[in-house]
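Read the structure below first, then the notes.
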Amino acid sequence: MEPAIITVPLGSRAYPVVIGAGVRRLFPEYFARTGCRLAFWVTDVHVVEHWKEQIETLRDPTTELMVLPPGEDQKRLSTVEDLCRRLVSMGAERGDAIVACGGGVIGDMVGLAAALYQRGIVFIQIPTTLLAMVDASVGGKTGVDLPEGKNLVGVFHQPAFVLADTEFLNTLPQRELHSGMAEVIKMALIGEPELFAHLVKISEHGYDIFENSSYLIERCVNLKSLIVAQDEREKGRRAVLNFGHTIGHALEAWGGYQTLTHGEAVFWGMVAAIDLSRDLGLLDSAVADHIMTVIQPQLKPIPKLKFQSEQILELMARDKKTRSGRPEFVLLRGVGNAVIGQPLAESDILAALQRLRLIMRS
Ligand code: GLY
C-alpha cells in the first residue's frame, strides 16, 4: 500500500510526515532532500534489541550509533550534554543532521540536542512507538525534565521530516501500544469525531490496533498538523492537545514516573476531565456515557493509585500548564469540541479527584 503523506504546513519550515508499513526505508530519499552531509542516529536499547540490523542498513557507517538507556529518568539535561559531546567527538558540523529513532523520550531529548548543538542542526524523527507516531514526533516540542517537574526545559524545533513506520509497532510491548491508544482517543475527542466513530466501531470487536494503525496515525497526524499550523508555540489553541494531561501529568509524577506510563496517566486524566466537563454542565451526560463506552474497556489493565487529592493538586500547581497559580484544564463540550480557559474553582478540581479515586476503586 502507498504510504500516506501529511504535510505540516509551516511555510518555509513545512515538512512531511510519511506514514505506512516499511516507510523507514525511504530514509535515504528524504535525507537527500535535506541537503545535509551526515546523519547521526540516536536510539535506545529497546529499539536496537529488535531493529539494529535494519537501522544499520540506513545509517552512514562512518558515524557511531548512539544508544541510550530507556526511560523517562534519562530525560535530563546531562543526557543532552552527553549527546552534544558525542557529536563533537564524531566531528558533527552545522550542515549535519541528528535522527531520533525511538519513542517520545528519545524524540524530546534528541530534538533538544539538535536545537542546541552549534545553535541548531537539522532534526529528523523516526518514531517507533504508537504514542510518538500519533503525537510526540509531530509539532516540534523538544525538552527534558527537571527534578521539579516534567518538560520544564525545552524549545520548539521542528523536524525536517518524520517517517512513521507502522512495522515498528510489531515489536512494541503491549503496555506501550495500549498507552499510545490514550493519545489516539485524546485526538478523537478534541477534534476528530470521525475517528471517534471509528473507535466506537472497532471497540465493539476488541481493538485491533495493528489492522487499524495507519488509519489511526493518519487521522491523528492530520489533526495535529492543523493545530500546530494554527498555533505553533502554544499561545492558545494548541493547548487542546493537553486534554487529560493536567491531572495525568500529576498522577504520573505522583507515581515517580514508575507506576504509570504517560499514556496510562493520560487515560486517568481524561476520565477526570470528562467527569469534570459533565459536572460543570458543559458536557451532556448521555454523551459523557457514550464516550466512556470507548474509554472504559481501556482502563482495565491500568494500575490504580491510592493518592490523596490534595497531593495531586499540589503536583498540578508545579506543572507548566499552570497559569497564575491555577491549573489550566482542557474540557469537552462534545466529541470533537474541546474548550480551554474555563474558570474552575479548587473545590471543583478536588471533587473531581475524589470521584476519580472512587472510579479507581470500583
Ligand atoms: N503533545 C502535545 C503537543 O505537542 O502540543
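Residue numbering restarts at 1 for every chain of the C-alpha cells, chains are lettered A, B, ... in their displayed order, and ligands are numbered from 1 as they appear.
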
Taking only C-alpha atoms and all ligand atoms into account, produce a table as a Markdown table in which each residue of chain A with an atom at most 10 Å from an atom of ligand 1 appears once, together with its shortest atom pair and the distance in Å to one decimal, ordered by chain and rising number.
```
| residue | atom | partner | partner_atom_place_in_ligand_line | distance |
| --- | --- | --- | --- | --- |
| A:Gly104 | CA | ligand 1 | 1 (N) | 9.4 |
| A:Leu131 | CA | ligand 1 | 1 (N) | 9.5 |
| A:Ala132 | CA | ligand 1 | 1 (N) | 9.1 |
| A:Val134 | CA | ligand 1 | 1 (N) | 9.3 |
| A:Asp135 | CA | ligand 1 | 1 (N) | 5.6 |
| A:Ala136 | CA | ligand 1 | 1 (N) | 5.3 |
| A:Ser137 | CA | ligand 1 | 4 (O) | 8.1 |
| A:Val138 | CA | ligand 1 | 4 (O) | 6.9 |
| A:Gly139 | CA | ligand 1 | 4 (O) | 5.5 |
| A:Gly140 | CA | ligand 1 | 4 (O) | 7.2 |
| A:Lys141 | CA | ligand 1 | 4 (O) | 5.8 |
| A:Thr142 | CA | ligand 1 | 4 (O) | 9.1 |
| A:Phe156 | CA | ligand 1 | 4 (O) | 9.7 |
| A:Glu183 | CA | ligand 1 | 1 (N) | 8.7 |
| A:Lys224 | CA | ligand 1 | 4 (O) | 7.8 |
| A:Ser225 | CA | ligand 1 | 4 (O) | 9.8 |
| A:Ile227 | CA | ligand 1 | 5 (O) | 8.7 |
| A:Val228 | CA | ligand 1 | 5 (O) | 7.6 |
| A:Asp231 | CA | ligand 1 | 5 (O) | 9.4 |
| A:Glu232 | CA | ligand 1 | 5 (O) | 8.4 |
| A:Arg233 | CA | ligand 1 | 5 (O) | 8.4 |
| A:Glu234 | CA | ligand 1 | 5 (O) | 6.9 |
| A:Arg237 | CA | ligand 1 | 5 (O) | 9.5 |
| A:Arg238 | CA | ligand 1 | 5 (O) | 5.8 |
| A:Ala239 | CA | ligand 1 | 5 (O) | 6.4 |
| A:Val240 | CA | ligand 1 | 5 (O) | 7.9 |
| A:Leu241 | CA | ligand 1 | 2 (C) | 4.9 |
| A:Asn242 | CA | ligand 1 | 2 (C) | 5.9 |
| A:Phe243 | CA | ligand 1 | 2 (C) | 9.0 |
| A:His245 | CA | ligand 1 | 2 (C) | 9.1 |
```

Take the residues just selected and output them with N, CA and C atoms as a tab-separated table (two decimals), in the first residue's frame.
```
chain	number	residue	atom	x	y	z
A	104	GLY	N	8.80	8.79	22.56
A	104	GLY	CA	8.70	10.21	22.90
A	104	GLY	C	9.90	10.73	23.67
A	131	LEU	N	2.53	6.11	20.54
A	131	LEU	CA	2.39	7.44	21.15
A	131	LEU	C	3.21	8.50	20.39
A	132	ALA	N	4.44	8.14	20.05
A	132	ALA	CA	5.28	9.10	19.32
A	132	ALA	C	4.78	9.31	17.90
A	134	VAL	N	1.60	9.16	16.81
A	134	VAL	CA	0.35	9.91	16.71
A	134	VAL	C	0.46	11.33	17.28
A	135	ASP	N	1.51	11.59	18.07
A	135	ASP	CA	1.56	12.89	18.74
A	135	ASP	C	2.97	13.46	18.85
A	136	ALA	N	3.82	12.81	19.67
A	136	ALA	CA	5.07	13.46	20.09
A	136	ALA	C	6.04	13.79	18.95
A	137	SER	N	6.04	13.01	17.87
A	137	SER	CA	7.05	13.24	16.83
A	137	SER	C	6.69	14.41	15.92
A	138	VAL	N	5.45	14.89	16.03
A	138	VAL	CA	4.97	15.96	15.14
A	138	VAL	C	4.77	17.23	15.95
A	139	GLY	N	5.24	18.35	15.46
A	139	GLY	CA	4.91	19.62	16.12
A	139	GLY	C	6.08	20.32	16.75
A	140	GLY	N	7.25	19.66	16.83
A	140	GLY	CA	8.47	20.35	17.21
A	140	GLY	C	8.67	20.62	18.69
A	141	LYS	N	7.89	19.98	19.58
A	141	LYS	CA	8.17	20.18	21.01
A	141	LYS	C	9.37	19.32	21.37
A	142	THR	N	10.37	19.93	22.01
A	142	THR	CA	11.51	19.16	22.48
A	142	THR	C	11.70	19.54	23.95
A	156	PHE	N	11.06	24.85	20.94
A	156	PHE	CA	10.39	24.32	19.76
A	156	PHE	C	11.44	24.19	18.65
A	183	GLU	N	-3.46	8.58	23.51
A	183	GLU	CA	-3.30	9.80	22.70
A	183	GLU	C	-4.21	9.73	21.46
A	224	LYS	N	-3.27	17.01	14.24
A	224	LYS	CA	-2.17	17.71	14.91
A	224	LYS	C	-1.51	18.72	13.99
A	225	SER	N	-1.36	18.36	12.71
A	225	SER	CA	-0.71	19.29	11.79
A	225	SER	C	-1.54	20.57	11.64
A	227	ILE	N	-3.56	21.86	13.94
A	227	ILE	CA	-3.46	22.63	15.20
A	227	ILE	C	-2.10	23.33	15.28
A	228	VAL	N	-1.04	22.61	14.93
A	228	VAL	CA	0.31	23.18	15.01
A	228	VAL	C	0.45	24.34	14.03
A	231	ASP	N	-1.14	27.36	15.64
A	231	ASP	CA	-0.59	27.86	16.91
A	231	ASP	C	0.66	27.06	17.26
A	232	GLU	N	1.73	27.34	16.50
A	232	GLU	CA	2.94	26.52	16.64
A	232	GLU	C	3.50	26.54	18.07
A	233	ARG	N	3.47	27.70	18.71
A	233	ARG	CA	4.16	27.84	20.01
A	233	ARG	C	3.25	27.81	21.23
A	234	GLU	N	2.08	27.21	21.03
A	234	GLU	CA	1.11	27.04	22.14
A	234	GLU	C	0.81	28.33	22.89
A	237	ARG	N	-4.66	27.87	20.98
A	237	ARG	CA	-5.39	26.65	20.61
A	237	ARG	C	-4.62	25.34	20.81
A	238	ARG	N	-3.30	25.38	20.60
A	238	ARG	CA	-2.53	24.13	20.71
A	238	ARG	C	-2.71	23.46	22.07
A	239	ALA	N	-3.07	24.27	23.07
A	239	ALA	CA	-3.26	23.71	24.42
A	239	ALA	C	-4.34	22.63	24.46
A	240	VAL	N	-5.22	22.56	23.45
A	240	VAL	CA	-6.24	21.48	23.48
A	240	VAL	C	-5.58	20.10	23.45
A	241	LEU	N	-4.34	20.06	22.94
A	241	LEU	CA	-3.62	18.78	22.89
A	241	LEU	C	-3.27	18.29	24.30
A	242	ASN	N	-3.47	19.16	25.28
A	242	ASN	CA	-3.19	18.76	26.67
A	242	ASN	C	-4.41	18.14	27.34
A	243	PHE	N	-5.43	17.82	26.57
A	243	PHE	CA	-6.62	17.19	27.16
A	243	PHE	C	-6.19	15.92	27.93
A	245	HIS	N	-4.12	15.80	30.28
A	245	HIS	CA	-2.73	15.88	30.74
A	245	HIS	C	-2.58	16.63	32.06
```

Subject >> Which of stretch 115-198 of chain A DSSP labels helix (DSSP H, G or I), written as an NGL selection string >> reply: :A and (115-119 or 130-136 or 166-171 or 174-191 or 193-198)

Original post:
Could you state the separation of atom CA of A:Phe307 and atom CA of A:Leu251 in Å, given to one decimal place?
Top reply: 8.3 Å

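In the backbone-derived DSSP annotation, strand (DSSP E) within stretch 119-241 of chain A comprises Val122, Phe123, Ile124, Gln125, Ile126, Pro127, Val144, Asp145, Leu146, Gly149, Lys150, Asn151, Leu152, Val153, Phe161, Val162, Leu163, Ala164 and Asp165 of chain A.
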
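Among the candidates A:Cys84, A:Val184, A:Val330, A:Leu315, the one nearest to A:Asn222 when counting only C-alpha atoms is A:Val184.
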
Show me, as an mmCIF file with all heavy atoms, in the first residue's frame, the residues that have an atom within 8 Å of A:Ala39 when counting only C-alpha atoms, minus same-chain residues fewer than 3 positions from it.
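Just written: result35.cif:
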```cif
data_model
loop_
_atom_site.group_PDB
_atom_site.id
_atom_site.type_symbol
_atom_site.label_atom_id
_atom_site.label_comp_id
_atom_site.auth_asym_id
_atom_site.auth_seq_id
_atom_site.Cartn_x
_atom_site.Cartn_y
_atom_site.Cartn_z
ATOM 1 N N CYS A 36 21.745 17.772 3.731
ATOM 2 C CA CYS A 36 22.712 17.622 4.828
ATOM 3 C C CYS A 36 23.832 16.677 4.409
ATOM 4 O O CYS A 36 23.671 15.850 3.521
ATOM 5 C CB CYS A 36 22.027 17.060 6.076
ATOM 6 S SG CYS A 36 20.947 18.233 6.868
ATOM 7 N N ARG A 59 22.022 3.699 8.071
ATOM 8 C CA ARG A 59 22.979 4.634 8.668
ATOM 9 C C ARG A 59 24.272 4.739 7.886
ATOM 10 O O ARG A 59 24.674 3.776 7.229
ATOM 11 C CB ARG A 59 23.341 4.127 10.077
ATOM 12 C CG ARG A 59 22.567 4.730 11.171
ATOM 13 C CD ARG A 59 22.908 4.133 12.511
ATOM 14 N NE ARG A 59 24.077 3.297 12.592
ATOM 15 C CZ ARG A 59 25.320 3.744 12.803
ATOM 16 N NH1 ARG A 59 25.552 5.020 12.965
ATOM 17 N NH2 ARG A 59 26.339 2.896 12.874
ATOM 18 N N ASP A 60 24.952 5.874 8.053
ATOM 19 C CA ASP A 60 26.274 6.030 7.471
ATOM 20 C C ASP A 60 27.268 5.309 8.399
ATOM 21 O O ASP A 60 27.355 5.655 9.585
ATOM 22 C CB ASP A 60 26.589 7.543 7.388
ATOM 23 C CG ASP A 60 27.879 7.797 6.672
ATOM 24 O OD1 ASP A 60 28.884 7.127 6.989
ATOM 25 O OD2 ASP A 60 27.896 8.672 5.781
ATOM 26 N N THR A 63 29.686 6.967 11.004
ATOM 27 C CA THR A 63 29.210 7.571 12.256
ATOM 28 C C THR A 63 28.950 6.461 13.268
ATOM 29 O O THR A 63 28.818 5.293 12.888
ATOM 30 C CB THR A 63 27.894 8.348 12.034
ATOM 31 O OG1 THR A 63 26.890 7.418 11.599
ATOM 32 C CG2 THR A 63 28.039 9.444 10.996
ATOM 33 N N ASP A 96 25.114 19.041 9.320
ATOM 34 C CA ASP A 96 24.734 17.642 9.543
ATOM 35 C C ASP A 96 23.352 17.581 10.180
ATOM 36 O O ASP A 96 22.742 18.613 10.488
ATOM 37 C CB ASP A 96 25.770 16.972 10.453
ATOM 38 C CG ASP A 96 27.130 16.846 9.766
ATOM 39 O OD1 ASP A 96 27.148 16.747 8.522
ATOM 40 O OD2 ASP A 96 28.154 16.867 10.473
ATOM 41 N N ALA A 97 22.892 16.357 10.377
ATOM 42 C CA ALA A 97 21.552 16.168 10.960
ATOM 43 C C ALA A 97 21.638 15.144 12.072
ATOM 44 O O ALA A 97 22.564 14.333 12.121
ATOM 45 C CB ALA A 97 20.594 15.679 9.879
ATOM 46 N N ILE A 98 20.649 15.183 12.935
ATOM 47 C CA ILE A 98 20.565 14.187 14.013
ATOM 48 C C ILE A 98 19.193 13.521 13.916
ATOM 49 O O ILE A 98 18.181 14.189 13.690
ATOM 50 C CB ILE A 98 20.898 14.844 15.384
ATOM 51 C CG1 ILE A 98 20.860 13.850 16.524
ATOM 52 C CG2 ILE A 98 20.046 16.017 15.687
ATOM 53 C CD1 ILE A 98 21.567 14.355 17.795
ATOM 54 N N VAL A 99 19.206 12.200 14.027
ATOM 55 C CA VAL A 99 17.978 11.411 13.837
ATOM 56 C C VAL A 99 17.548 10.823 15.176
ATOM 57 O O VAL A 99 18.345 10.161 15.845
ATOM 58 C CB VAL A 99 18.222 10.232 12.852
ATOM 59 C CG1 VAL A 99 16.955 9.429 12.626
ATOM 60 C CG2 VAL A 99 18.785 10.747 11.532
#
```

**OP:** Within 12 Å of stretch 176-178 of chain A, counting only C-alpha atoms, which residues show up once you throw out same-chain ones fewer than 5 positions away? Write them as an MDAnalysis selection string, please.
**Re:** chainID A and resid 46 103:104 128:134 166 168:171 183:185 207:210 213 260:267 295 297:302

Saved selection, atoms kept: C-alpha atoms, as a CSV table (one decimal), in the first residue's frame:
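Generated file (part_25.csv):
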```csv
chain,number,residue,atom,x,y,z
A,46,HIS,CA,14.8,-1.4,23.4
A,103,GLY,CA,9.7,6.9,21.4
A,104,GLY,CA,8.7,10.2,22.9
A,128,THR,CA,9.0,3.8,17.0
A,129,THR,CA,6.0,3.9,19.4
A,130,LEU,CA,2.3,4.5,18.7
A,131,LEU,CA,2.4,7.4,21.1
A,132,ALA,CA,5.3,9.1,19.3
A,133,MET,CA,3.7,8.4,15.9
A,134,VAL,CA,0.3,9.9,16.7
A,166,THR,CA,4.0,1.0,11.4
A,168,PHE,CA,7.9,-0.8,14.5
A,169,LEU,CA,4.7,-1.4,16.3
A,170,ASN,CA,5.1,-5.2,15.7
A,171,THR,CA,7.8,-5.3,18.4
A,183,GLU,CA,-3.3,9.8,22.7
A,184,VAL,CA,-5.4,8.4,19.8
A,185,ILE,CA,-8.6,8.7,21.9
A,207,TYR,CA,-9.4,-3.1,19.2
A,208,ASP,CA,-7.1,-4.5,16.6
A,209,ILE,CA,-4.5,-1.7,16.7
A,210,PHE,CA,-2.3,-3.4,14.0
A,213,SER,CA,-2.7,1.6,12.8
A,260,LEU,CA,2.0,4.7,35.3
A,261,THR,CA,3.3,5.1,31.7
A,262,HIS,CA,2.5,8.5,30.2
A,263,GLY,CA,-0.4,7.1,28.2
A,264,GLU,CA,-1.9,5.3,31.3
A,265,ALA,CA,-1.8,8.6,33.2
A,266,VAL,CA,-3.5,10.4,30.3
A,267,PHE,CA,-6.2,7.7,30.4
A,295,ILE,CA,-12.6,4.5,27.3
A,297,PRO,CA,-12.5,-1.2,28.4
A,298,GLN,CA,-9.1,0.5,28.1
A,299,LEU,CA,-8.9,1.2,31.8
A,300,LYS,CA,-8.9,-2.5,32.9
A,301,PRO,CA,-5.1,-3.1,32.7
A,302,ILE,CA,-4.1,0.3,34.1
```

Original post:
Suppose you want the space between atom CA of A:Ala21 and atom CA of A:Asp165; what is it in Å?
Top reply: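 Taking atom CA of A:Ala21 as the start and atom CA of A:Asp165 as the end point, the length is 5.3 Å.
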
Original post:
So what do you get for atom CA of A:Glu252 versus atom CA of A:Ile19, distance-wise?
Top reply: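 A separation of 29.3 Å between them.
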
**OP:** Using only C-alpha atoms, find the one residue out of A:Ala113, A:Ala338, A:Asp44, A:Pro147 that sits nearest to A:Pro193.
**Re:** A:Ala338

Original post:
Skipping near chain neighbours, those fewer than 5 positions away, what residues fall within 10 Å of stretch 277-284 of chain A using only C-alpha atoms, listed as a VMD selection string?
Top reply: chain A and resid 271 to 272 289 to 290 329 to 335 337 to 339 342 344 348 351 to 352

Selection above as a file: N, CA and C atoms, as a CSV table (one decimal), in the first residue's frame:
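Listing of again_0.csv after writing:
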```csv
chain,number,residue,atom,x,y,z
A,271,VAL,N,-10.4,10.6,32.0
A,271,VAL,CA,-11.6,10.2,32.8
A,271,VAL,C,-12.0,11.3,33.7
A,272,ALA,N,-11.0,11.9,34.4
A,272,ALA,CA,-11.3,13.0,35.3
A,272,ALA,C,-11.8,14.2,34.5
A,289,ASP,N,-21.5,9.4,28.8
A,289,ASP,CA,-21.6,8.0,29.0
A,289,ASP,C,-21.1,7.3,27.7
A,290,HIS,N,-21.5,7.9,26.5
A,290,HIS,CA,-21.2,7.3,25.3
A,290,HIS,C,-19.6,7.3,25.1
A,329,PHE,N,-7.2,23.6,32.6
A,329,PHE,CA,-7.8,22.3,32.1
A,329,PHE,C,-8.4,22.5,30.7
A,330,VAL,N,-8.3,21.4,30.0
A,330,VAL,CA,-9.0,21.3,28.7
A,330,VAL,C,-10.2,20.4,29.0
A,331,LEU,N,-11.4,21.0,28.7
A,331,LEU,CA,-12.7,20.3,28.9
A,331,LEU,C,-13.4,20.0,27.6
A,332,LEU,N,-14.5,19.2,27.7
A,332,LEU,CA,-15.2,18.9,26.5
A,332,LEU,C,-16.6,19.5,26.5
A,333,ARG,N,-17.1,20.0,25.4
A,333,ARG,CA,-18.5,20.3,25.2
A,333,ARG,C,-19.2,19.2,24.4
A,334,GLY,N,-18.4,18.4,23.8
A,334,GLY,CA,-18.9,17.3,23.0
A,334,GLY,C,-17.8,16.6,22.3
A,335,VAL,N,-18.1,15.5,21.5
A,335,VAL,CA,-17.0,14.8,20.8
A,335,VAL,C,-16.5,15.7,19.8
A,337,ASN,N,-15.1,18.7,20.3
A,337,ASN,CA,-15.4,20.0,20.7
A,337,ASN,C,-14.7,20.3,22.1
A,338,ALA,N,-13.4,20.7,22.1
A,338,ALA,CA,-12.7,20.9,23.3
A,338,ALA,C,-12.6,22.4,23.6
A,339,VAL,N,-12.7,22.7,24.9
A,339,VAL,CA,-12.6,24.1,25.3
A,339,VAL,C,-11.5,24.3,26.4
A,342,GLN,N,-11.7,27.5,30.8
A,342,GLN,CA,-12.9,27.5,31.6
A,342,GLN,C,-12.5,27.8,33.1
A,344,LEU,N,-12.3,27.5,36.8
A,344,LEU,CA,-12.6,26.4,37.7
A,344,LEU,C,-12.3,26.7,39.1
A,348,ASP,N,-14.0,22.4,42.7
A,348,ASP,CA,-14.4,21.6,41.6
A,348,ASP,C,-13.4,20.5,41.3
A,351,ALA,N,-13.2,17.9,44.0
A,351,ALA,CA,-14.3,16.9,43.9
A,351,ALA,C,-14.1,15.9,42.8
A,352,ALA,N,-13.5,16.4,41.6
A,352,ALA,CA,-13.3,15.5,40.5
A,352,ALA,C,-12.2,14.5,40.9
```

Closest pair table for stretch 233-286 of chain A residues within 10 Å of stretch 353-361 of chain A, only C-alpha atoms, as CSV:
```
residue,atom,partner,partner_atom,distance
A:Ile247,CA,A:Leu353,CA,8.5
A:Trp268,CA,A:Leu356,CA,7.8
A:Gly269,CA,A:Leu356,CA,8.9
A:Val271,CA,A:Leu356,CA,7.5
A:Ala272,CA,A:Leu356,CA,6.0
A:Ala273,CA,A:Leu353,CA,9.8
A:Asp275,CA,A:Arg355,CA,8.3
A:Leu276,CA,A:Leu353,CA,9.3
```

**OP:** Do a neighbour search on stretch 12-16 of chain A at 9 Å with only C-alpha atoms, toss out local chain neighbours closer than 3 positions, and write the hits as number ranges by chain.
**Re:** A: 5-9, 158-163

**OP:** Pick out the residues sitting within 12 Å of stretch 90-95 of chain A, and hand them over as a PyMOL selection string; count only C-alpha atoms, and ignore anything fewer than 6 positions along from it in its own chain.
**Re:** chain A and resi 34-41+61-66+83-84+114-123

So that I have them on file, write out the residues from the current selection with N, CA, C and O atoms, as an mmCIF file, in the first residue's frame.
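Once written, selection02.cif looks like this:
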```cif
data_model
loop_
_atom_site.group_PDB
_atom_site.id
_atom_site.type_symbol
_atom_site.label_atom_id
_atom_site.label_comp_id
_atom_site.auth_asym_id
_atom_site.auth_seq_id
_atom_site.Cartn_x
_atom_site.Cartn_y
_atom_site.Cartn_z
ATOM 1 N N THR A 34 17.242 16.970 2.244
ATOM 2 C CA THR A 34 17.605 17.987 3.253
ATOM 3 C C THR A 34 18.897 18.697 2.855
ATOM 4 O O THR A 34 19.187 19.778 3.374
ATOM 5 N N GLY A 35 19.697 18.074 2.000
ATOM 6 C CA GLY A 35 20.977 18.670 1.599
ATOM 7 C C GLY A 35 22.035 18.545 2.695
ATOM 8 O O GLY A 35 23.100 19.141 2.593
ATOM 9 N N CYS A 36 21.745 17.772 3.731
ATOM 10 C CA CYS A 36 22.712 17.622 4.828
ATOM 11 C C CYS A 36 23.832 16.677 4.409
ATOM 12 O O CYS A 36 23.671 15.850 3.521
ATOM 13 N N ARG A 37 24.951 16.787 5.128
ATOM 14 C CA ARG A 37 26.103 15.935 4.827
ATOM 15 C C ARG A 37 25.921 14.560 5.500
ATOM 16 O O ARG A 37 25.742 13.555 4.843
ATOM 17 N N LEU A 38 25.897 14.522 6.811
ATOM 18 C CA LEU A 38 25.819 13.250 7.536
ATOM 19 C C LEU A 38 24.618 13.246 8.477
ATOM 20 O O LEU A 38 24.198 14.298 8.962
ATOM 21 N N ALA A 39 24.100 12.046 8.751
ATOM 22 C CA ALA A 39 23.028 11.904 9.753
ATOM 23 C C ALA A 39 23.577 11.101 10.927
ATOM 24 O O ALA A 39 24.129 10.014 10.730
ATOM 25 N N PHE A 40 23.446 11.665 12.120
ATOM 26 C CA PHE A 40 23.895 10.983 13.338
ATOM 27 C C PHE A 40 22.663 10.406 14.039
ATOM 28 O O PHE A 40 21.773 11.163 14.431
ATOM 29 N N TRP A 41 22.628 9.092 14.178
ATOM 30 C CA TRP A 41 21.423 8.442 14.708
ATOM 31 C C TRP A 41 21.512 8.221 16.215
ATOM 32 O O TRP A 41 22.550 7.815 16.739
ATOM 33 N N PRO A 61 28.018 4.318 7.885
ATOM 34 C CA PRO A 61 28.903 3.537 8.774
ATOM 35 C C PRO A 61 30.070 4.336 9.346
ATOM 36 O O PRO A 61 30.737 3.875 10.274
ATOM 37 N N THR A 62 30.297 5.555 8.816
ATOM 38 C CA THR A 62 31.396 6.349 9.386
ATOM 39 C C THR A 62 30.972 7.044 10.681
ATOM 40 O O THR A 62 31.776 7.665 11.353
ATOM 41 N N THR A 63 29.686 6.967 11.004
ATOM 42 C CA THR A 63 29.210 7.571 12.256
ATOM 43 C C THR A 63 28.950 6.461 13.268
ATOM 44 O O THR A 63 28.818 5.293 12.888
ATOM 45 N N GLU A 64 28.837 6.877 14.523
ATOM 46 C CA GLU A 64 28.591 5.882 15.583
ATOM 47 C C GLU A 64 27.104 5.934 15.955
ATOM 48 O O GLU A 64 26.536 7.039 16.039
ATOM 49 N N LEU A 65 26.483 4.773 16.129
ATOM 50 C CA LEU A 65 25.078 4.765 16.560
ATOM 51 C C LEU A 65 25.047 5.058 18.062
ATOM 52 O O LEU A 65 25.675 4.338 18.851
ATOM 53 N N MET A 66 24.327 6.103 18.437
ATOM 54 C CA MET A 66 24.263 6.453 19.866
ATOM 55 C C MET A 66 23.048 5.754 20.473
ATOM 56 O O MET A 66 21.919 6.006 20.055
ATOM 57 N N LEU A 83 25.025 13.843 24.715
ATOM 58 C CA LEU A 83 24.798 13.673 23.266
ATOM 59 C C LEU A 83 25.608 14.703 22.475
ATOM 60 O O LEU A 83 26.253 14.365 21.481
ATOM 61 N N CYS A 84 25.565 15.953 22.938
ATOM 62 C CA CYS A 84 26.288 17.013 22.221
ATOM 63 C C CYS A 84 27.790 16.743 22.232
ATOM 64 O O CYS A 84 28.474 16.941 21.224
ATOM 65 N N ALA A 114 19.439 18.642 19.061
ATOM 66 C CA ALA A 114 19.522 19.180 17.690
ATOM 67 C C ALA A 114 19.328 20.691 17.695
ATOM 68 O O ALA A 114 19.987 21.418 16.959
ATOM 69 N N ALA A 115 18.433 21.173 18.559
ATOM 70 C CA ALA A 115 18.165 22.616 18.610
ATOM 71 C C ALA A 115 19.340 23.382 19.202
ATOM 72 O O ALA A 115 19.569 24.542 18.863
ATOM 73 N N LEU A 116 20.093 22.722 20.094
ATOM 74 C CA LEU A 116 21.157 23.424 20.810
ATOM 75 C C LEU A 116 22.520 23.264 20.160
ATOM 76 O O LEU A 116 23.354 24.170 20.243
ATOM 77 N N TYR A 117 22.756 22.104 19.557
ATOM 78 C CA TYR A 117 24.102 21.822 19.037
ATOM 79 C C TYR A 117 24.467 22.836 17.951
ATOM 80 O O TYR A 117 23.741 22.997 16.972
ATOM 81 N N GLN A 118 25.554 23.536 18.182
ATOM 82 C CA GLN A 118 26.018 24.579 17.251
ATOM 83 C C GLN A 118 24.875 25.530 16.863
ATOM 84 O O GLN A 118 24.706 25.903 15.722
ATOM 85 N N ARG A 119 24.060 25.847 17.825
ATOM 86 C CA ARG A 119 22.872 26.729 17.702
ATOM 87 C C ARG A 119 21.812 26.182 16.759
ATOM 88 O O ARG A 119 20.981 26.910 16.232
ATOM 89 N N GLY A 120 21.835 24.896 16.536
ATOM 90 C CA GLY A 120 20.728 24.284 15.794
ATOM 91 C C GLY A 120 21.154 23.576 14.529
ATOM 92 O O GLY A 120 21.673 24.203 13.610
ATOM 93 N N ILE A 121 20.940 22.241 14.527
ATOM 94 C CA ILE A 121 21.177 21.486 13.297
ATOM 95 C C ILE A 121 19.864 20.790 12.920
ATOM 96 O O ILE A 121 18.898 20.795 13.696
ATOM 97 N N VAL A 122 19.855 20.204 11.735
ATOM 98 C CA VAL A 122 18.624 19.561 11.231
ATOM 99 C C VAL A 122 18.268 18.350 12.103
ATOM 100 O O VAL A 122 19.142 17.598 12.544
ATOM 101 N N PHE A 123 16.976 18.206 12.309
ATOM 102 C CA PHE A 123 16.444 17.168 13.202
ATOM 103 C C PHE A 123 15.467 16.292 12.409
ATOM 104 O O PHE A 123 14.639 16.825 11.654
#
```

**OP:** Using only C-alpha atoms, find the one residue out of A:Leu26, A:Val144, A:Ala286, A:Met270 that sits nearest to A:Asp73.
**Re:** A:Val144
